[in-house]
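Report on the structure given below.
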Amino acid sequence: MTVTRKPLTRADLAPLARAATGPRRTLAGVDRLRGGSKKGVYRLTFDDDSTSVAYVWSADEDYWDAGPSDPRDPFSHGTGLDLLTAAHDRLAAAGVRTPRLLYADATHTVVEDVTGGSLEETLERDPVAGRAALERLADLLATLHAQEGPAFGKVALVDNGGVSSARSCEQRVTEGALGDIAATAVRDERIAAARDDLESAVRKLSAAVRPRGRHTLVHGELGPDHVLLDGGGAPVLIDVEGLMYLDVEWEHVFLELRFHEAYDLLRTPGLDEDRLRLYRLAMRLSLVAGPLRLLDGDYPDPGPMRAIAEHNLRRALELVGRRGAVT
């Protein structure tokens, strides 16, 4: 079935803006910001030139079409007001900067517009300023990763006394990786041909991981595009709905993957090498299966997603000694 999706207009968002700001300001313009595959992200510009950002959760704004989400699964579809507010409150309590919540109703949230641009843009435009921002991000990550939870899982679940459905982080990552191999094997013949090797590698790496009871607060998808800079150059984390207590190695594998050589400034000692090896392969497999699943639908910018899937497919095959040549 074809879904007709249209960006919201100023008329659509005017009632939200009025509820958020009252009658003192009038909504003058609306721009849908790039990205936002799970929620719509709109910059609201008012008649006094002030701005804020609206998050909109609806089926029309969610290109994943994932259906109901299981909150007991730390890697389930992370979107929605409850997840955002729980993450915002936990980060605020930890002293980790994220956009301030200004207003919320059942399907919308208005937050502070952080106007210093993204860390990704800064690294490309001004390496000196980018390095300074990376050093501040390293300090922020030290604060974030010093926070522990009583169990692993989404913050919204664990902080309300809930329990995840998996026994451990490594078990959930292992099951997810095997599921991603199965899902991708029917979409790409290179994965199908390497399926036995990939599954064997996942199981071998998983068997080497020893149990651990420490669960660290992690963002989960912390790339340079998910870090904004405020007017003073301080890092501000966005897209925090997936905030969870998990192995810190999962965070570091993602940081390593997304920051490339800049990761050297974010690296920390004492990480578990066995977990890193398992999570590197699992992360690559996830970044093949996820984009390909998204491309089954009507995502409007398929090229970058296809490139992400292709790049990570090749890296996953390399990790098990297989060549990822195009067939």
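We label chains A, B, ... in the order they appear in the structure tokens, count residues from 1 in each chain, and number ligands from 1 in the order shown.
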
(request) From region 113-144 of chain A, collect each residue whose DSSP state is helix (DSSP H, G or I) and return the set as a PyMOL selection string. (result) chain A and resi 119-125+127-144

(message) Need to verify the contact set: region 220-236 of chain A, 10 Å, only C-alpha atoms, exclusion of same-chain residues closer than 5 positions in sequence. Can you return it as a ChimeraX atom specification?
(response) /A:35,74-75,96-99,113-123,129-130,132-140,241-248,250-259

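Here the DSSP assignment of strand (DSSP E or B), based on backbone atoms, applies within region 153-301 of chain A to Gly153, Lys154, His215, Thr216, Leu217, Val218, Val227, Leu228, Leu229, Pro235, Val236, Leu237, Met244, Tyr245 and Leu246 of chain A.
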
Generate the output file for the selected residues, C-alpha atoms, as a JSON list (two decimals), in the first residue's frame.
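As written to disk, selection-v6.json reads:
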```
[["chain", "number", "residue", "atom", "x", "y", "z"],
["A", 153, "GLY", "CA", 17.52, -1.84, 29.19],
["A", 154, "LYS", "CA", 15.83, 1.37, 28.12],
["A", 215, "HIS", "CA", 25.23, -1.43, 33.19],
["A", 216, "THR", "CA", 26.29, 1.99, 31.91],
["A", 217, "LEU", "CA", 24.16, 4.86, 30.65],
["A", 218, "VAL", "CA", 24.70, 5.12, 26.87],
["A", 227, "VAL", "CA", 25.77, 16.24, 18.78],
["A", 228, "LEU", "CA", 24.82, 19.90, 18.48],
["A", 229, "LEU", "CA", 26.87, 22.80, 19.83],
["A", 235, "PRO", "CA", 28.04, 19.72, 23.14],
["A", 236, "VAL", "CA", 24.31, 18.98, 23.34],
["A", 237, "LEU", "CA", 23.04, 15.44, 22.70],
["A", 244, "MET", "CA", 19.59, 2.95, 27.82],
["A", 245, "TYR", "CA", 21.71, 1.15, 30.37],
["A", 246, "LEU", "CA", 23.97, -1.20, 28.46]]
```

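Atom to atom, CA of Leu278 (chain A) and CA of Arg90 (chain A) stand 28.2 Å apart.
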
(request) Figure out the distance between CA of Arg187 (chain A) and CA of Leu292 (chain A), please, to one decimal in Å. (result)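 Computing the Euclidean distance for CA of Leu292 (chain A) and CA of Arg187 (chain A) yields 7.9 Å.
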
(request) Point out the residue among A:Asp298, A:Asp82, A:Asp197, A:Glu261 with the least atom-to-atom distance to Glu318 (chain A), counting only C-alpha atoms. (result)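 So, comparing all the options, the nearest one is A:Asp197.
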
(message) Which residue is closest to Ala282 (chain A)? Choose from A:Leu8, A:Ala94, A:Ala262, A:Ile181 and count only C-alpha atoms.
(response)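 The answer is A:Ile181, which sits nearest to Ala282 (chain A).
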
(request) Determine the nearest neighbour of Ala156 (chain A) from the options A:Gly321, A:Pro127, A:Gly80, A:Gly95, counting only C-alpha atoms. (result) A:Gly80

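Distance check against Val173 (chain A) using only C-alpha atoms: of A:Ser206, A:Thr21, A:Ser58, A:Ser200, the minimum falls on A:Ser206.
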
(message) Let me make sure I understand: among A:Tyr63, A:Val56, A:Ala86, A:Leu16, which one has the smallest atom-to-atom distance to Asp159 (chain A) if we use only C-alpha atoms?
(response) A:Ala86
